[in-house]
Protein chains: 2
Amino acid sequence: MADADQVRNSVALARKARLDARSGRLTGPTANLAPGHVQANLAILPRALAADFLHFCQRNPKPCPLLAMSEPGDPSLPELGADIDIRTDIPRYRVWKNGELVAEPTDVRDIWRDDLVSFLIGCSFSFEEAMLDNGLPVRHIEQGSNVPMYRTNIPTQPAGVFGGPLVVSMRPLKAADAIRAIQVTSRFPSVHGAPVHIGDPSLIGISDINRPDYGDPVEIRPGEMPVFWACGVTPQSVVAAVRPDFCITHAPGHMLVTDLINSRMAML
Amino acid sequence: MADADQVRNSVALARKARLDARSGRLTGPTANLAPGHVQANLAILPRALAADFLHFCQRNPKPCPLLAMSEPGDPSLPELGADIDIRTDIPRYRVWKNGELVAEPTDVRDIWRDDLVSFLIGCSFSFEEAMLDNGLPVRHIEQGSNVPMYRTNIPTQPAGVFGGPLVVSMRPLKAADAIRAIQVTSRFPSVHGAPVHIGDPSLIGISDINRPDYGDPVEIRPGEMPVFWACGVTPQSVVAAVRPDFCITHAPGHMLVTDLINSRMAML
């Protein structure tokens, strides 16, 4: 448990990360910025799609744990930080038109619209911190690479225009560590929560564990089993499949750093 | 949650099971008697061994979750039920001399001694009930057979004269059910708690999953993985290895039915 001074200091670090992004000083990934703070995935959609997407999140809380949703046109997100401007506070965005990536700006004020709704979705950084705090290894962090992610044959629950397969991230663990990881991450349902699968990858439609669909492969050592969590890439892949005429996401790894404290996301 | 009438009725059933054992009307296994009530494994040891055995339980809470320990010579166990007489209230006992099974009586009053200490240890019936309540399959119950149990290469933490390998029980589950079973059974640390291993049996020294050391084999279906829990046979096997000049245990499956409520054993 952080004492009051530590929390004040860490909130200052979270705010600094956002202000650095806003001013253009920070344009890179946000991993390890403001340790202890929740970081969030971003999807910005036109209002016409927002109701369906909200319903999709409601139906699929494991891949799409919704931390906050804005009012249409409103760039503030007071639940996540008093001063947030979602048009500037992420280091790098991706702008999509009709499903094609058209730009990777560091600021989207010039293309902002009054009908845009922001969805902020929990991210695995939070439960990985809890794993590390429990002495559990996180291989892709050890390797300094991106987490391996895979499209599965597990369907999401569709809602309106949105649907498609679940995307999972994978961390290899020894069996006893996998059991502890299930206990630890079960406490964090708002940041993907417990794993969705353990063991044989082929049972969820993954044909080659060494060839992830996103991210980088990681070493699986003798005596380790792959452990799979629902991944925040799922909503991005689901949105991409719809090819909306316009949408904005964060660039991979370039997250919103929020004032929320990871350890306070634990349900118990 | 049981209401007050249900609890009164279920305590009456627990007491009836003990009174039936006491009177000799009940001499068979206790599975399914007094549903919802904690049943307990029994080890009765001479006082000279009791301190070491208590230390062994303290060091090995997963295989030896101690529910209650009596005073020397005292057959009562007020923590587990107001009227318990441990010399009569178990349907069938096993009496051991120098490590040899010498009798299986239904009453041990005639061989009771002033130096005997009773240890009552949590049993898997409690977490199996929680699994069934969660819609999880328990294969050996479906099959109407005894749970398969295996000696492992996982050492217990020795204490005094007691030590030896961990014995585990196994229930096959699909991966998603295994994850849920870990969550469910983690809530019950006083009745063995979370699994100790999942997946590859050879990693814990089990060479043939279809040939358990105790109990009966069960079917493992395609897509299922074996899930292993620390087993209350561990303390029995550890005691047997010491070959005490005198000890008493319950006969397998012939447990002490207590007044304790399974659902109240959950830590949360």
# chains A, B, ... in the order shown; residues from 1 in each chain; ligands from 1
call {"tool": "closest_atom_pairs", "arguments": {"of": "chain B", "to": "chain A", "cutoff": "6 Å", "atoms": "only C-alpha atoms", "output": "tab-separated table"}}
result
residue	atom	partner	partner_atom	distance
B:Ala175	CA	A:His197	CA	5.6
B:Ala176	CA	A:His197	CA	5.7
B:His197	CA	A:Ala175	CA	5.6
B:Ile198	CA	A:Ala175	CA	5.7
call {"tool": "write_last_selection", "arguments": {"atoms": "N, CA, C and O atoms", "output": "PDB file, in the first residue's frame"}}
result
ATOM      1  N   ALA B 175      -9.879 -26.780 -19.864  1.00  0.00           N
ATOM      2  CA  ALA B 175      -9.051 -25.659 -19.395  1.00  0.00           C
ATOM      3  C   ALA B 175      -9.893 -24.564 -18.732  1.00  0.00           C
ATOM      4  O   ALA B 175      -9.550 -24.081 -17.648  1.00  0.00           O
ATOM      5  N   ALA B 176     -10.982 -24.158 -19.364  1.00  0.00           N
ATOM      6  CA  ALA B 176     -11.786 -23.071 -18.795  1.00  0.00           C
ATOM      7  C   ALA B 176     -12.373 -23.497 -17.449  1.00  0.00           C
ATOM      8  O   ALA B 176     -12.463 -22.684 -16.515  1.00  0.00           O
ATOM      9  N   HIS B 197      -0.958 -28.556  -8.808  1.00  0.00           N
ATOM     10  CA  HIS B 197      -0.375 -28.763 -10.139  1.00  0.00           C
ATOM     11  C   HIS B 197      -1.501 -28.914 -11.155  1.00  0.00           C
ATOM     12  O   HIS B 197      -2.584 -29.407 -10.823  1.00  0.00           O
ATOM     13  N   ILE B 198      -1.229 -28.482 -12.380  1.00  0.00           N
ATOM     14  CA  ILE B 198      -2.152 -28.700 -13.504  1.00  0.00           C
ATOM     15  C   ILE B 198      -1.324 -29.167 -14.695  1.00  0.00           C
ATOM     16  O   ILE B 198      -0.174 -28.770 -14.870  1.00  0.00           O
TER      17      ILE B 198
END
call {"tool": "residues_around", "arguments": {"residues": "Gly36 of chain B", "least_positions_apart": "4", "cutoff": "10 Å", "atoms": "only C-alpha atoms", "output": "ChimeraX atom specification"}}
result
/B:2,7,10-11,14,32,125-126,129-130,259-264
call {"tool": "write_last_selection", "arguments": {"atoms": "N, CA, C and O atoms", "output": "PDB file, in the first residue's frame"}}
result
ATOM      1  N   ALA B   2     -28.041 -20.791   3.162  1.00  0.00           N
ATOM      2  CA  ALA B   2     -29.100 -21.530   3.848  1.00  0.00           C
ATOM      3  C   ALA B   2     -29.801 -20.598   4.832  1.00  0.00           C
ATOM      4  O   ALA B   2     -29.163 -19.751   5.442  1.00  0.00           O
ATOM      5  N   VAL B   7     -30.339 -24.574   8.172  1.00  0.00           N
ATOM      6  CA  VAL B   7     -29.138 -24.860   8.941  1.00  0.00           C
ATOM      7  C   VAL B   7     -29.478 -25.778  10.110  1.00  0.00           C
ATOM      8  O   VAL B   7     -28.786 -26.761  10.362  1.00  0.00           O
ATOM      9  N   SER B  10     -29.943 -29.173   8.762  1.00  0.00           N
ATOM     10  CA  SER B  10     -28.722 -29.823   8.291  1.00  0.00           C
ATOM     11  C   SER B  10     -27.841 -30.199   9.472  1.00  0.00           C
ATOM     12  O   SER B  10     -27.192 -31.250   9.447  1.00  0.00           O
ATOM     13  N   VAL B  11     -27.831 -29.380  10.531  1.00  0.00           N
ATOM     14  CA  VAL B  11     -27.067 -29.758  11.731  1.00  0.00           C
ATOM     15  C   VAL B  11     -27.685 -31.013  12.342  1.00  0.00           C
ATOM     16  O   VAL B  11     -26.969 -31.908  12.796  1.00  0.00           O
ATOM     17  N   ALA B  14     -26.304 -33.856  10.424  1.00  0.00           N
ATOM     18  CA  ALA B  14     -24.910 -34.131  10.791  1.00  0.00           C
ATOM     19  C   ALA B  14     -24.865 -34.911  12.105  1.00  0.00           C
ATOM     20  O   ALA B  14     -24.153 -35.914  12.241  1.00  0.00           O
ATOM     21  N   ASN B  32     -22.178 -37.997   0.919  1.00  0.00           N
ATOM     22  CA  ASN B  32     -23.570 -37.583   0.717  1.00  0.00           C
ATOM     23  C   ASN B  32     -24.418 -37.580   1.984  1.00  0.00           C
ATOM     24  O   ASN B  32     -25.602 -37.257   1.912  1.00  0.00           O
ATOM     25  N   PHE B 125     -14.231 -33.443   0.174  1.00  0.00           N
ATOM     26  CA  PHE B 125     -15.681 -33.380  -0.042  1.00  0.00           C
ATOM     27  C   PHE B 125     -16.153 -31.926  -0.038  1.00  0.00           C
ATOM     28  O   PHE B 125     -17.049 -31.554  -0.788  1.00  0.00           O
ATOM     29  N   SER B 126     -15.538 -31.090   0.809  1.00  0.00           N
ATOM     30  CA  SER B 126     -16.002 -29.706   0.938  1.00  0.00           C
ATOM     31  C   SER B 126     -15.792 -28.929  -0.352  1.00  0.00           C
ATOM     32  O   SER B 126     -16.697 -28.247  -0.835  1.00  0.00           O
ATOM     33  N   GLU B 129     -18.009 -30.127  -3.249  1.00  0.00           N
ATOM     34  CA  GLU B 129     -19.367 -29.566  -3.191  1.00  0.00           C
ATOM     35  C   GLU B 129     -19.386 -28.174  -3.821  1.00  0.00           C
ATOM     36  O   GLU B 129     -20.301 -27.835  -4.591  1.00  0.00           O
ATOM     37  N   ALA B 130     -18.347 -27.363  -3.517  1.00  0.00           N
ATOM     38  CA  ALA B 130     -18.272 -26.019  -4.103  1.00  0.00           C
ATOM     39  C   ALA B 130     -18.113 -26.102  -5.616  1.00  0.00           C
ATOM     40  O   ALA B 130     -18.697 -25.302  -6.364  1.00  0.00           O
ATOM     41  N   ASP B 259     -20.459 -30.467  12.523  1.00  0.00           N
ATOM     42  CA  ASP B 259     -21.504 -29.439  12.466  1.00  0.00           C
ATOM     43  C   ASP B 259     -21.102 -28.253  11.586  1.00  0.00           C
ATOM     44  O   ASP B 259     -21.943 -27.402  11.274  1.00  0.00           O
ATOM     45  N   LEU B 260     -19.846 -28.161  11.193  1.00  0.00           N
ATOM     46  CA  LEU B 260     -19.384 -27.011  10.402  1.00  0.00           C
ATOM     47  C   LEU B 260     -20.042 -27.025   9.023  1.00  0.00           C
ATOM     48  O   LEU B 260     -20.263 -28.083   8.436  1.00  0.00           O
ATOM     49  N   ILE B 261     -20.313 -25.812   8.520  1.00  0.00           N
ATOM     50  CA  ILE B 261     -20.973 -25.651   7.227  1.00  0.00           C
ATOM     51  C   ILE B 261     -19.896 -25.393   6.162  1.00  0.00           C
ATOM     52  O   ILE B 261     -19.074 -24.492   6.311  1.00  0.00           O
ATOM     53  N   ASN B 262     -19.929 -26.191   5.083  1.00  0.00           N
ATOM     54  CA  ASN B 262     -18.929 -26.015   4.010  1.00  0.00           C
ATOM     55  C   ASN B 262     -18.822 -24.572   3.541  1.00  0.00           C
ATOM     56  O   ASN B 262     -17.723 -24.037   3.412  1.00  0.00           O
ATOM     57  N   SER B 263     -19.964 -23.942   3.243  1.00  0.00           N
ATOM     58  CA  SER B 263     -19.913 -22.610   2.640  1.00  0.00           C
ATOM     59  C   SER B 263     -19.297 -21.593   3.591  1.00  0.00           C
ATOM     60  O   SER B 263     -18.786 -20.566   3.158  1.00  0.00           O
ATOM     61  N   ARG B 264     -19.328 -21.879   4.887  1.00  0.00           N
ATOM     62  CA  ARG B 264     -18.711 -20.952   5.846  1.00  0.00           C
ATOM     63  C   ARG B 264     -17.205 -21.166   5.957  1.00  0.00           C
ATOM     64  O   ARG B 264     -16.526 -20.421   6.659  1.00  0.00           O
TER      65      ARG B 264
END
call {"tool": "residues_around", "arguments": {"residues": "Arg15 of chain A", "least_positions_apart": "3", "cutoff": "8 Å", "atoms": "only C-alpha atoms", "output": "PyMOL selection string"}}
result
chain A and resi 11-12+18-19+257-259
call {"tool": "select_by_dssp", "arguments": {"residues": "segment 171-254 of chain B", "states": "strand (DSSP E)", "output": "number ranges by chain"}}
result
B: 171-174, 197-198, 224-230, 247-250
call {"tool": "residues_around", "arguments": {"residues": "Ile111 of chain A", "least_positions_apart": "5", "cutoff": "10 Å", "atoms": "only C-alpha atoms", "output": "number ranges by chain"}}
result
A: 87, 95, 248
call {"tool": "residues_around", "arguments": {"residues": "Pro252 of chain A", "least_positions_apart": "6", "cutoff": "12 Å", "atoms": "only C-alpha atoms", "output": "list in words"}}
result
Thr27, Gly28, Pro29, Thr30, Ala31, Ala40, Asn41, Leu42, Ala43, Ile90, Pro91, Arg92, Tyr93, Arg94, Glu104, Cys123, Asn146, Val147, Tyr214, Gly215, Gly232, Val233 and Gln236 of chain A
call {"tool": "residues_around", "arguments": {"residues": "Pro165 of chain B", "least_positions_apart": "4", "cutoff": "8 Å", "atoms": "only C-alpha atoms", "output": "PyMOL selection string"}}
result
chain B and resi 151-156+234+238
call {"tool": "atom_distance", "arguments": {"atom1": "atom CA of Ile206 of chain B", "atom2": "atom CA of Met255 of chain B"}}
result
27.2 Å
call {"tool": "residues_around", "arguments": {"residues": "Asp85 of chain B", "least_positions_apart": "3", "cutoff": "8 Å", "atoms": "only C-alpha atoms", "output": "VMD selection string"}}
result
chain B and resid 75 to 77 88 to 89
call {"tool": "closest_residue", "arguments": {"among": "B:Gly135, B:Pro148, B:Gly163, B:Gly193", "to": "Phe56 of chain B", "atoms": "only C-alpha atoms"}}
result
B:Gly163
